[in-house]
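Q: Data file structure18.txt (compact mmCIF, C-alpha atoms and all ligand atoms) is appended below.
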# COMPACT_ATOMS: atom_id res chain seq x y z
CA MET A 24 -106.37 5.92 -1.90
CA THR A 25 -102.94 7.46 -2.45
CA LEU A 26 -103.00 8.51 1.18
CA LEU A 27 -103.98 5.05 2.43
CA ARG A 28 -101.16 3.53 0.39
CA GLY A 29 -98.80 6.05 1.91
CA LEU A 30 -99.95 4.98 5.35
CA ALA A 31 -98.92 1.46 4.47
CA ALA A 32 -95.53 2.49 3.15
CA GLY A 33 -93.65 2.66 6.44
CA PRO A 34 -92.95 4.66 9.57
CA GLY A 35 -91.63 7.67 7.67
CA TRP A 36 -95.09 8.28 6.32
CA ARG A 37 -96.77 8.84 9.67
CA SER A 38 -96.02 12.54 10.05
CA GLN A 39 -96.68 13.20 6.37
CA ALA A 40 -99.98 11.31 6.64
CA VAL A 41 -101.07 13.32 9.68
CA HIS A 42 -100.23 16.49 7.75
CA GLU A 43 -102.22 15.38 4.70
CA LEU A 44 -105.16 14.23 6.80
CA ALA A 45 -105.18 17.65 8.47
CA GLY A 46 -105.55 19.10 4.97
CA LEU A 47 -108.71 17.01 4.62
CA GLY A 48 -110.03 18.44 7.89
CA ILE A 49 -109.11 15.37 9.99
CA ASN A 50 -107.21 16.40 13.13
CA ALA A 51 -104.26 14.47 14.57
CA GLU A 52 -106.39 12.65 17.15
CA ALA A 53 -109.01 11.61 14.61
CA SER A 54 -106.33 10.42 12.16
CA PHE A 55 -105.26 7.67 14.58
CA PRO A 56 -107.89 5.10 13.44
CA LEU A 57 -106.84 5.57 9.79
CA LEU A 58 -103.17 5.05 10.62
CA ARG A 59 -104.09 2.06 12.75
CA LEU A 60 -106.29 0.58 10.01
CA MET A 61 -103.47 0.17 7.51
CA GLU A 62 -101.08 -1.13 10.16
CA THR A 63 -103.66 -3.70 11.27
CA ILE A 64 -104.33 -4.82 7.71
CA ARG A 65 -100.61 -5.41 7.25
CA GLN A 66 -100.55 -7.53 10.40
CA VAL A 67 -103.73 -9.58 9.98
CA ALA A 68 -103.90 -9.80 6.18
CA PRO A 69 -100.37 -9.65 4.74
CA GLU A 70 -101.62 -10.89 1.37
CA PHE A 71 -103.76 -7.73 1.03
CA GLN A 72 -102.50 -6.08 -2.15
CA VAL A 73 -101.39 -2.47 -1.67
CA LEU A 74 -100.02 -0.86 -4.83
CA SER A 75 -97.42 1.87 -4.91
CA PRO A 76 -98.68 5.33 -3.87
CA HIS A 77 -98.28 6.52 -7.47
CA ALA A 78 -99.97 3.62 -9.31
CA PRO A 79 -102.80 4.93 -11.49
CA LEU A 80 -104.96 1.83 -10.89
CA VAL A 81 -106.31 0.25 -7.72
CA SER A 82 -106.09 -3.40 -6.74
CA VAL A 83 -109.22 -5.42 -6.04
CA ASP A 84 -108.32 -5.44 -2.32
CA GLU A 85 -107.93 -1.65 -2.31
CA LEU A 86 -111.24 -1.21 -4.13
CA ASN A 87 -112.95 -3.44 -1.57
CA LEU A 88 -111.44 -1.44 1.27
CA MET A 89 -112.62 1.86 -0.21
CA THR A 90 -116.10 0.39 -0.63
CA MET A 91 -116.10 -0.81 2.99
CA LEU A 92 -115.00 2.60 4.26
CA ARG A 93 -117.56 4.39 2.15
CA ARG A 94 -120.33 2.13 3.41
CA ALA A 95 -119.17 2.56 6.99
CA ALA A 96 -119.15 6.35 6.53
CA LEU A 97 -122.67 6.20 5.11
CA ARG A 98 -123.71 3.94 7.99
CA VAL A 99 -124.82 1.08 5.75
CA ALA A 100 -125.92 -1.81 8.00
CA PRO A 101 -122.94 -4.19 8.74
CA GLU A 102 -124.70 -7.21 7.22
CA GLN A 103 -124.96 -5.36 3.90
CA ARG A 104 -121.32 -4.27 3.80
CA GLY A 105 -119.78 -7.35 2.22
CA ASP A 106 -116.17 -8.21 3.11
CA LEU A 107 -112.61 -7.35 2.04
CA GLY A 108 -111.94 -10.58 0.24
CA PHE A 109 -110.73 -12.26 3.40
CA SER A 110 -112.47 -13.19 6.63
CA MET A 111 -112.37 -9.92 8.56
CA PRO A 112 -111.25 -10.16 12.17
CA VAL A 113 -113.37 -8.26 14.71
CA ALA A 114 -110.54 -5.78 15.36
CA LEU A 115 -110.49 -4.83 11.71
CA ALA A 116 -114.28 -4.57 11.42
CA ASP A 117 -114.32 -2.25 14.45
CA LEU A 118 -111.56 -0.12 12.94
CA VAL A 119 -113.37 0.19 9.61
CA ALA A 120 -116.50 1.34 11.48
CA LEU A 121 -114.41 3.84 13.47
CA CYS A 122 -112.73 5.18 10.31
CA GLY A 123 -116.19 5.50 8.72
CA ASP A 124 -117.22 7.69 11.68
CA VAL A 125 -114.08 9.82 11.28
CA LEU A 126 -114.74 10.30 7.56
CA ARG A 127 -118.39 11.16 8.16
CA HIS A 128 -117.67 13.67 10.94
CA SER A 129 -114.96 15.29 8.83
CA GLN A 130 -117.32 15.29 5.84
CA VAL A 131 -114.77 13.52 3.65
CA SER A 132 -116.66 11.71 0.91
CA LEU A 133 -115.23 8.65 -0.83
CA GLY A 134 -117.04 8.94 -4.14
CA THR A 135 -115.95 7.70 -7.55
CA ARG A 136 -113.32 9.97 -9.09
CA PRO A 137 -115.02 12.03 -11.83
CA LEU A 138 -113.77 11.63 -15.39
CA LEU A 139 -111.48 14.47 -16.36
CA ALA A 140 -112.97 16.79 -18.92
CA ALA A 141 -110.48 19.63 -19.32
CA THR A 142 -106.93 18.73 -20.26
CA SER A 143 -105.85 22.39 -20.25
CA ASP A 144 -106.21 22.62 -16.47
CA LEU A 145 -102.67 22.45 -15.12
CA GLY A 146 -104.03 21.26 -11.80
CA VAL A 147 -105.03 17.95 -13.38
CA GLN A 148 -102.00 17.56 -15.66
CA MET A 149 -100.67 14.52 -13.81
CA GLU A 150 -103.98 12.70 -13.76
CA THR A 151 -104.58 13.46 -17.43
CA GLU A 152 -101.28 11.74 -18.26
CA ASP A 153 -102.41 8.73 -16.25
CA MET A 154 -105.68 8.70 -18.19
CA GLN A 155 -103.76 8.92 -21.46
CA GLN A 156 -101.65 5.91 -20.48
CA ILE A 157 -104.80 3.94 -19.69
CA THR A 158 -106.40 4.94 -23.00
CA ASP A 159 -103.22 3.90 -24.88
CA ALA A 160 -103.21 0.62 -23.00
CA ARG A 161 -106.70 -0.17 -24.26
CA THR A 162 -106.06 0.61 -27.93
CA MET A 163 -106.04 -2.51 -30.11
CA ARG A 164 -102.87 -2.75 -32.23
CA PRO A 165 -103.15 -5.15 -35.18
CA THR A 166 -100.08 -7.39 -35.60
CA THR A 167 -98.88 -10.30 -37.72
CA VAL A 168 -97.00 -13.35 -36.45
CA VAL A 169 -93.47 -13.37 -37.88
CA SER A 170 -92.04 -16.39 -36.04
CA ASN A 171 -92.94 -19.14 -33.60
CA GLU A 172 -90.10 -21.27 -32.25
CA GLU A 173 -89.43 -23.47 -29.24
CA LEU A 174 -87.36 -21.60 -26.63
CA THR A 175 -87.15 -24.57 -24.31
CA TYR A 176 -89.43 -27.50 -23.53
CA GLY A 177 -92.96 -26.14 -22.85
CA ILE A 178 -92.20 -22.54 -23.82
CA ARG A 179 -92.63 -21.02 -27.28
CA ARG A 180 -91.06 -17.74 -28.31
CA ILE A 181 -93.41 -15.76 -30.57
CA ARG A 182 -92.55 -12.60 -32.49
CA LEU A 183 -95.34 -10.25 -33.54
CA ALA A 184 -94.81 -7.31 -35.87
CA GLY A 185 -96.75 -4.35 -37.20
CA PRO A 186 -96.48 -0.56 -37.47
CA ALA A 187 -99.31 -0.21 -34.93
CA LEU A 188 -96.87 -1.40 -32.25
CA ALA A 189 -94.98 1.90 -32.51
CA GLY A 190 -94.81 3.60 -29.13
CA LEU A 191 -94.82 0.35 -27.18
CA SER A 192 -92.03 -0.01 -24.64
CA ASP A 193 -90.28 -2.78 -22.71
CA ASP A 194 -89.09 -0.33 -20.10
CA PRO A 195 -89.43 -0.98 -17.18
CA PRO A 196 -88.90 -4.75 -17.40
CA ALA A 197 -91.87 -7.12 -16.82
CA LYS A 198 -94.25 -4.77 -18.61
CA TRP A 199 -97.11 -6.68 -20.16
CA VAL A 200 -99.53 -6.60 -23.06
CA LYS A 201 -102.82 -8.33 -23.72
CA VAL A 202 -102.87 -10.54 -26.80
CA PHE A 203 -106.15 -11.07 -28.70
CA PRO A 204 -105.82 -13.81 -31.38
CA ASN A 205 -107.81 -13.63 -34.55
CA PHE A 206 -109.07 -17.20 -34.17
CA GLY A 207 -110.68 -17.62 -37.59
CA GLU A 208 -110.48 -21.11 -39.12
CA PRO A 209 -109.43 -23.77 -38.30
CA PHE A 210 -109.53 -22.74 -34.62
CA THR A 211 -113.01 -23.68 -33.53
CA GLU A 212 -112.37 -22.39 -29.99
CA LYS A 213 -113.72 -19.07 -31.17
CA ALA A 214 -117.30 -20.27 -30.94
CA LYS A 215 -116.82 -21.18 -27.29
CA TYR A 216 -115.84 -17.71 -26.13
CA SER A 217 -117.34 -14.29 -26.40
CA ASN A 218 -115.12 -11.93 -28.38
CA PRO A 219 -112.62 -10.48 -28.04
CA VAL A 220 -110.68 -13.18 -26.16
CA GLY A 221 -107.39 -11.88 -24.80
CA ARG A 222 -104.75 -12.96 -22.28
CA VAL A 223 -101.82 -11.21 -20.66
CA TYR A 224 -98.19 -11.82 -21.73
CA THR A 225 -94.97 -10.19 -20.60
CA ILE A 226 -92.99 -8.18 -23.12
CA ARG A 227 -89.77 -10.18 -23.31
CA HIS A 228 -88.29 -7.76 -25.81
CA PHE A 229 -89.48 -4.90 -27.99
CA ASP A 230 -87.52 -3.76 -31.01
CA SER A 231 -88.78 -0.20 -31.43
CA GLU A 232 -87.09 0.33 -34.80
CA ALA A 233 -88.50 -2.77 -36.45
CA THR A 234 -91.66 -2.64 -34.26
CA VAL A 235 -91.30 -6.32 -33.37
CA LEU A 236 -92.63 -7.60 -30.05
CA THR A 237 -91.30 -10.82 -28.50
CA ILE A 238 -93.30 -12.86 -25.98
CA ASP A 239 -92.49 -16.24 -24.38
CA VAL A 240 -95.57 -18.40 -23.97
CA ALA A 241 -95.96 -21.28 -21.50
CA ILE A 242 -97.64 -24.24 -23.19
CA TYR A 243 -99.48 -26.38 -20.70
CA GLY A 244 -102.68 -27.69 -22.28
CA PRO A 245 -106.09 -26.46 -23.28
CA GLY A 246 -106.02 -22.68 -22.66
CA ALA A 247 -107.77 -20.70 -25.40
CA VAL A 248 -105.01 -18.18 -26.15
CA SER A 249 -101.91 -20.25 -25.29
CA SER A 250 -103.18 -23.04 -27.60
CA TRP A 251 -103.57 -20.54 -30.41
CA LEU A 252 -100.12 -19.12 -29.77
CA GLU A 253 -98.63 -22.62 -29.63
CA ARG A 254 -99.90 -23.35 -33.14
CA CYS A 255 -99.74 -19.91 -34.76
CA LYS A 256 -97.58 -19.54 -37.88
CA PRO A 257 -96.07 -16.61 -39.77
CA GLY A 258 -98.84 -14.57 -41.35
CA ASP A 259 -101.46 -15.30 -38.67
CA ARG A 260 -102.95 -12.20 -37.13
CA CYS A 261 -103.70 -11.00 -33.62
CA ASP A 262 -104.31 -7.73 -31.82
CA VAL A 263 -102.22 -6.45 -28.96
CA ALA A 264 -103.34 -3.98 -26.27
CA GLY A 265 -100.89 -2.32 -23.91
CA SER A 266 -98.32 -1.92 -22.62
CA ARG A 267 -98.91 -1.72 -18.86
CA GLY A 268 -97.38 -2.49 -15.47
CA GLY A 269 -93.74 -3.39 -15.01
CA PHE A 270 -91.16 -3.87 -12.28
CA GLU A 271 -91.17 -0.93 -9.87
CA GLY A 272 -87.65 -1.48 -8.62
CA ILE A 273 -86.26 -2.39 -5.23
CA SER A 274 -87.03 0.04 -2.46
CA GLY A 275 -84.71 0.51 0.49
CA SER A 276 -81.44 -1.18 1.19
CA VAL A 277 -81.52 -4.97 1.04
CA ASP A 278 -78.85 -7.66 1.08
CA CYS A 279 -80.37 -9.72 -1.68
CA ALA A 280 -83.25 -9.86 -4.16
CA VAL A 281 -85.19 -13.11 -4.44
CA PHE A 282 -87.19 -13.91 -7.57
CA VAL A 283 -89.76 -16.68 -7.54
CA GLY A 284 -92.01 -17.96 -10.30
CA ASP A 285 -93.09 -20.59 -12.76
CA GLU A 286 -92.96 -20.85 -16.56
CA THR A 287 -95.29 -17.84 -16.91
CA ALA A 288 -93.01 -15.66 -14.77
CA LEU A 289 -89.77 -16.62 -16.51
CA PRO A 290 -89.97 -13.81 -19.12
CA ALA A 291 -90.50 -11.23 -16.37
CA ILE A 292 -87.75 -12.60 -14.14
CA GLU A 293 -85.24 -12.84 -16.97
CA SER A 294 -86.04 -9.29 -18.12
CA ILE A 295 -85.70 -7.91 -14.58
CA LEU A 296 -82.39 -9.71 -14.04
CA GLU A 297 -81.04 -8.24 -17.25
CA GLU A 298 -81.84 -4.75 -15.94
CA LEU A 299 -80.86 -5.22 -12.31
CA SER A 300 -77.73 -3.33 -11.47
CA GLY A 301 -74.81 -5.48 -10.44
CA TYR A 302 -74.60 -4.21 -6.85
CA ILE A 303 -77.27 -6.52 -5.58
CA GLY A 304 -77.21 -10.30 -5.32
CA ALA A 305 -80.13 -12.23 -6.81
CA ARG A 306 -81.48 -15.70 -6.02
CA VAL A 307 -84.03 -17.34 -8.26
CA PHE A 308 -86.52 -20.14 -7.56
CA ILE A 309 -88.44 -21.50 -10.55
CA GLU A 310 -91.15 -24.14 -10.39
CA THR A 311 -91.87 -26.01 -13.63
CA ALA A 312 -94.32 -28.74 -14.62
CA ASP A 313 -91.57 -30.63 -16.47
CA GLU A 314 -87.83 -30.81 -15.74
CA ARG A 315 -87.07 -30.54 -19.47
CA THR A 316 -88.01 -26.84 -19.21
CA VAL A 317 -84.80 -26.15 -17.26
CA HIS A 318 -82.52 -23.97 -19.34
CA GLU A 319 -79.58 -21.63 -19.15
CA MET A 320 -80.73 -18.26 -17.82
CA ALA A 321 -80.17 -15.19 -15.75
CA ARG A 322 -76.57 -14.16 -16.06
CA ARG A 323 -76.88 -11.96 -12.99
CA ALA A 324 -78.39 -14.46 -10.58
CA GLU A 325 -76.07 -15.90 -7.94
CA SER A 326 -78.09 -19.10 -8.01
CA VAL A 327 -81.08 -20.51 -9.82
CA LYS A 328 -82.96 -23.38 -8.23
CA TRP A 329 -85.35 -25.31 -10.45
CA LEU A 330 -88.16 -27.16 -8.68
CA ARG A 331 -90.59 -29.69 -10.05
CA ARG A 332 -94.20 -28.56 -9.55
CA ARG A 333 -96.20 -30.77 -7.20
CA ALA A 334 -99.94 -30.98 -6.66
CA THR A 335 -99.69 -29.01 -3.41
CA ALA A 336 -98.41 -25.47 -3.04
CA GLU A 337 -96.18 -26.02 0.00
CA MET A 338 -92.94 -27.08 -1.66
CA LEU A 339 -92.23 -23.77 -3.37
CA THR A 340 -93.15 -21.79 -0.26
CA ASN A 341 -91.03 -24.03 1.97
CA GLU A 342 -87.99 -23.73 -0.29
CA VAL A 343 -88.16 -19.95 -0.46
CA ALA A 344 -89.00 -19.59 3.25
CA ALA A 345 -86.10 -21.85 4.22
CA TRP A 346 -83.67 -19.64 2.36
CA CYS A 347 -85.24 -16.38 3.59
CA SER A 348 -85.22 -17.55 7.21
CA HIS A 349 -81.42 -17.12 7.12
CA ASN A 350 -81.53 -13.93 5.03
CA ARG A 351 -84.37 -11.69 6.17
CA ASN A 352 -83.13 -8.39 4.80
CA VAL A 353 -84.40 -9.31 1.35
CA PHE A 354 -86.65 -8.04 -1.38
CA VAL A 355 -88.93 -10.72 -2.86
CA TRP A 356 -90.64 -10.55 -6.24
CA ALA A 357 -92.85 -13.53 -7.10
CA ALA A 358 -95.39 -14.38 -9.79
CA GLY A 359 -97.21 -17.56 -10.72
CA GLU A 360 -100.29 -19.52 -9.67
CA ALA A 361 -102.46 -17.24 -7.51
CA THR A 362 -103.05 -19.58 -4.54
CA ARG A 363 -99.35 -20.40 -4.33
CA MET A 364 -98.49 -16.71 -4.41
CA ARG A 365 -100.87 -15.92 -1.54
CA MET A 366 -99.43 -18.75 0.55
CA LEU A 367 -95.89 -17.57 -0.14
CA ARG A 368 -96.70 -13.99 0.83
CA ARG A 369 -98.47 -15.03 4.03
CA THR A 370 -95.54 -17.20 5.08
CA LEU A 371 -92.85 -14.63 4.34
CA VAL A 372 -94.67 -11.70 5.94
CA SER A 373 -96.61 -13.27 8.81
CA GLN A 374 -94.30 -16.09 9.81
CA LEU A 375 -90.84 -14.77 8.89
CA GLY A 376 -91.63 -11.12 9.59
CA ILE A 377 -90.25 -9.77 6.31
CA GLU A 378 -91.55 -6.25 5.78
CA ALA A 379 -94.76 -6.44 3.71
CA ALA A 380 -93.65 -3.64 1.38
CA ARG A 381 -90.63 -5.76 0.40
CA VAL A 382 -92.67 -8.79 -0.65
CA HIS A 383 -94.29 -8.29 -4.03
CA THR A 384 -96.44 -11.23 -5.20
CA VAL A 385 -98.78 -11.45 -8.19
CA GLY A 386 -101.13 -14.21 -9.31
CA TYR A 387 -100.41 -14.62 -13.03
CA TRP A 388 -102.99 -17.41 -13.39
CA LYS A 389 -105.27 -19.38 -11.10
CA GLU A 390 -105.84 -23.11 -11.01
CA GLY A 391 -109.31 -23.82 -12.45
CA ALA A 392 -110.05 -20.21 -13.48
CA ALA A 393 -109.89 -19.03 -17.09
CA ASP A 394 -108.68 -15.45 -17.67
CA HIS A 395 -107.76 -14.91 -14.03
CA ARG A 396 -107.27 -11.21 -13.21
CA ASP A 397 -105.09 -10.07 -10.38
CA ALA A 398 -105.28 -6.31 -10.24
CA ALA A 399 -101.87 -6.15 -8.57
CA ALA A 400 -100.50 -6.91 -12.01
CA GLY A 401 -101.67 -3.45 -13.11
C1 LIG B 1 -98.90 -9.60 -15.67
C2 LIG B 1 -98.95 -11.01 -16.28
C3 LIG B 1 -97.93 -11.41 -17.10
C4 LIG B 1 -97.95 -12.69 -17.67
N1 LIG B 1 -96.94 -13.07 -18.49
C5 LIG B 1 -96.96 -14.30 -19.06
C6 LIG B 1 -95.92 -14.70 -19.96
O1 LIG B 1 -95.01 -13.93 -20.29
N2 LIG B 1 -95.96 -15.97 -20.48
C7 LIG B 1 -97.00 -16.84 -20.16
O2 LIG B 1 -96.99 -17.96 -20.66
N3 LIG B 1 -98.00 -16.47 -19.33
C8 LIG B 1 -98.01 -15.23 -18.78
N4 LIG B 1 -99.03 -14.85 -17.95
C9 LIG B 1 -100.05 -15.84 -17.59
C10 LIG B 1 -101.14 -16.01 -18.66
O3 LIG B 1 -101.78 -14.77 -18.89
C11 LIG B 1 -102.16 -17.07 -18.15
O4 LIG B 1 -101.52 -18.31 -17.99
C12 LIG B 1 -103.37 -17.20 -19.05
O5 LIG B 1 -104.42 -17.75 -18.29
C13 LIG B 1 -103.16 -18.07 -20.27
O6 LIG B 1 -104.35 -18.03 -21.03
P1 LIG B 1 -105.00 -19.32 -21.66
O7 LIG B 1 -105.96 -18.82 -22.68
O8 LIG B 1 -103.97 -20.28 -22.07
O9 LIG B 1 -105.78 -20.01 -20.43
P2 LIG B 1 -107.15 -19.59 -19.76
O10 LIG B 1 -108.29 -19.69 -20.74
O11 LIG B 1 -106.97 -18.30 -19.06
O12 LIG B 1 -107.32 -20.76 -18.67
C14 LIG B 1 -107.77 -22.07 -19.00
C15 LIG B 1 -107.37 -23.05 -17.90
O13 LIG B 1 -105.97 -23.19 -17.91
C16 LIG B 1 -105.44 -22.97 -16.61
N5 LIG B 1 -104.13 -22.28 -16.80
C17 LIG B 1 -103.90 -21.01 -17.21
N6 LIG B 1 -102.57 -20.80 -17.29
C18 LIG B 1 -101.96 -21.93 -16.90
C19 LIG B 1 -100.60 -22.33 -16.77
N7 LIG B 1 -99.58 -21.49 -17.07
N8 LIG B 1 -100.33 -23.58 -16.35
C20 LIG B 1 -101.32 -24.45 -16.05
N9 LIG B 1 -102.63 -24.14 -16.16
C21 LIG B 1 -102.96 -22.89 -16.58
C22 LIG B 1 -106.45 -22.12 -15.89
O14 LIG B 1 -106.41 -22.39 -14.51
C23 LIG B 1 -107.76 -22.55 -16.50
O15 LIG B 1 -108.28 -23.67 -15.79
C24 LIG B 1 -99.04 -13.58 -17.38
C25 LIG B 1 -100.09 -13.14 -16.57
C26 LIG B 1 -100.05 -11.87 -16.02
C27 LIG B 1 -101.20 -11.42 -15.14
Mind turning the file's structure into structure tokens?
A:
Amino acid sequence: MTLLRGLAAGPGWRSQAVHELAGLGINAEASFPLLRLMETIRQVAPEFQVLSPHAPLVSVDELNLMTMLRRAALRVAPEQRGDLGFSMPVALADLVALCGDVLRHSQVSLGTRPLLAATSDLGVQMETEDMQQITDARTMRPTTVVSNEELTYGIRRIRLAGPALAGLSDDPPAKWVKVFPNFGEPFTEKAKYSNPVGRVYTIRHFDSEATVLTIDVAIYGPGAVSSWLERCKPGDRCDVAGSRGGFEGISGSVDCAVFVGDETALPAIESILEELSGYIGARVFIETADERTVHEMARRAESVKWLRRRATAEMLTNEVAAWCSHNRNVFVWAAGEATRMRMLRRTLVSQLGIEAARVHTVGYWKEGAADHRDAAAG
């Protein structure tokens, strides 16, 4: 997977990829379909989520691709192969089949990575650290609510404290945790959901000395966890798992960074802006359900445009695309409703031709879907 991500990373990777493929027993000629596969995916499916070559997790799209390649290599009948999460053009289907042949002839197997048993083996040191991070991220840390106040209309700032939070970090910015309320009484929602019920929130701030975690929660209606957080009071208890993810920085030289999001992305965008070095200009587009949410933010942004959320997704995309059409050497980071994020990515990459690796979009929630998971958030 690391290799496939590398193939997607840009022209500089070609020679390195050929070298690495040779190490797997795939000669330069046979490596062509693999190089072509990632290029074609970038062209025909710009919303396909490719994580950084060093990310310890895979995205759902990447997992689907690996499954497709494995099935092609094993010659599973096409009708039983499933799809990649998007309607696969013939050119891509043919390439996957061709890559399957290459992998089979070169006897490269795409099995599940075995769990690491020996931590003393220096050869697996790096992967063991990754595993440790994942284990830490799954540990439940009991906390107590210390405050719950309105930050601005529709957003509550909650502080959670407890010694079990020791070791958490808000570096890099936009790192996130999963919050599991202890529903108890009088919250009858508990009966409706299987336990534990948790949702993802960005670390807005972490005070490592006092072990106090600050999150900003969008209040919009009936969600199980946001409703609990809206009403929680000092002394209430919840567990926190994490931290994970975070802003990976801006790669390459760009003229401007563009940040796009809604109420759920505000904590991430504000944290990133606080960290962003002053040499780069930043534009911000925020879509909110209510104009009363508008508030003073982002000292380092050159401009912040607040937009009122409409029923359709086009307005946000059109606004951002209109600005980017005059400024194409940009880096875009966007988070919010999943369908809107896909539309934005497609428009920026396919229509405006902005390099796919410079457009980072994540679905933080999805209209009509509880507990939406977008693996790109990992
Ligand atoms: C990496 C990451 C970081 C995030 N950071 C934050 C953060 O800092 N602050 C924050 O508030 N949220 C954040 N979110 C989004 C949050 O996890 C989701 O909004 C979550 O679904 C809220 O859980 P819930 O129990 O309220 O609703 P769920 O039970 O998950 O969903 C119930 C219903 O509400 C809808 N819904 C969910 N969220 C919203 C919304 N915001 N507006 C309108 N309808 C919605 C769903 O479509 C569903 O129909 C983040 C998500 C990710 C992946």
Q: Under the rule that only C-alpha atoms are counted, which of A:Thr63, A:Ser54, A:Thr370, A:Ser249 is the nearest residue to A:Asp394?
A: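 Smallest separation from A:Asp394 among the options: A:Ser249.
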Q: For ligand LIG 1 (chain B), collect every residue having any atom at a distance of at most 8 Å from a ligand atom (counting all atoms listed in the file); output as JSON, numbers by chain.
A: {"A": [178, 197, 198, 199, 200, 221, 222, 223, 224, 225, 226, 227, 238, 239, 240, 241, 242, 243, 244, 245, 246, 247, 248, 249, 250, 268, 285, 286, 287, 288, 289, 290, 291, 359, 360, 385, 386, 387, 388, 389, 390, 391, 392, 393, 394, 395, 396, 397, 400, 401]}
Q: Give the answer as one residue: which of A:Ala51, A:Met364, A:Val283, A:Leu375 has the shortest atom-to-atom distance to A:Phe71, using only C-alpha atoms?
A: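 Among the listed residues, A:Met364 lies closest to A:Phe71.
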Q: For the point (-87.7, -16.4, -35.9) in file coordinates, what residues are within 8 Å, counting all atoms listed in the file? Give the answer as a VMD selection string?
A: chain A and resid 169 to 172 181 to 182
Q: Could you write those residues out with C-alpha atoms, as a PDB file, in the coordinates of the input?
A:
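That gives us result39.pdb:
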ATOM      1  CA  VAL A 169     -93.470 -13.370 -37.880  1.00  0.00           C
ATOM      2  CA  SER A 170     -92.040 -16.390 -36.040  1.00  0.00           C
ATOM      3  CA  ASN A 171     -92.940 -19.140 -33.600  1.00  0.00           C
ATOM      4  CA  GLU A 172     -90.100 -21.270 -32.250  1.00  0.00           C
ATOM      5  CA  ILE A 181     -93.410 -15.760 -30.570  1.00  0.00           C
ATOM      6  CA  ARG A 182     -92.550 -12.600 -32.490  1.00  0.00           C
TER       7      ARG A 182
END
Q: With all atoms listed in the file as the basis for distance, which of A:Gln66, A:Ser129, A:Gln72, A:Thr362 is at the shortest distance from A:Ala53?
A: A:Ser129
Q: State, in Å with one decimal place, the distance from atom CA of A:Leu236 to atom CA of A:Val202.
A: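 Straight-line distance from atom CA of A:Leu236 to atom CA of A:Val202 works out to 11.1 Å.
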Q: Write out as a list in words each polymer residue whose atoms come within 8 Å of stretch 306-317 of chain A, counting all atoms listed in the file; drop sequence neighbours fewer than 6 positions from it.
A: Thr175, Tyr176, Gly177, Ile178, Cys279, Ala280, Val281, Phe282, Val283, Gly284, Asp285, Glu286, Leu289, Ala324, Glu325, Ser326, Val327, Lys328, Trp329, Leu330, Arg331, Arg332, Arg333, Leu339 and Val343 of chain A
Q: As an exercise, work out the distance from atom CA of A:Thr340 to atom CA of A:Ala379 in Å and give it to one decimal place.
A: 15.9 Å
Q: Can you list, as a list in words, every protein, DNA or RNA residue that comes within 10 Å of A:Ser231 when you count only C-alpha atoms, leaving out same-chain residues fewer than 5 positions away?
A: Pro186, Leu188, Ala189, Gly190, Leu191, Ser192, Asp193 and Leu236 of chain A
Q: To one decimal place, how far is atom CA of A:Ala305 from atom CA of A:Gly269 in Å?
A: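 That distance, rounded to one decimal, is 18.2 Å.
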Q: Return the single residue from A:Val220, A:Met91, A:Leu118, A:Val99 that is closest to A:Leu57, with distances computed using all atoms listed in the file.
A: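 Selected residue with least distance to A:Leu57: A:Leu118.
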Q: Return the single residue from A:Pro196, A:Gly258, A:Gly48, A:Gly376 that is closest to A:Ala184, with distances computed using only C-alpha atoms.
A: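 Answer, going by the shortest atom-to-atom distance: A:Gly258.
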Q: Point out the residue among A:Arg254, A:Arg127, A:Arg65, A:His228 with the least atom-to-atom distance to A:Leu92, counting all atoms listed in the file.
A: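 The closest residue to A:Leu92 is A:Arg127.
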Q: A:Thr162: which residues within 10 Å, counting all atoms listed in the file, same-chain residues fewer than 5 positions away excluded, as a ChimeraX atom specification?
A: /A:157,187,262-266
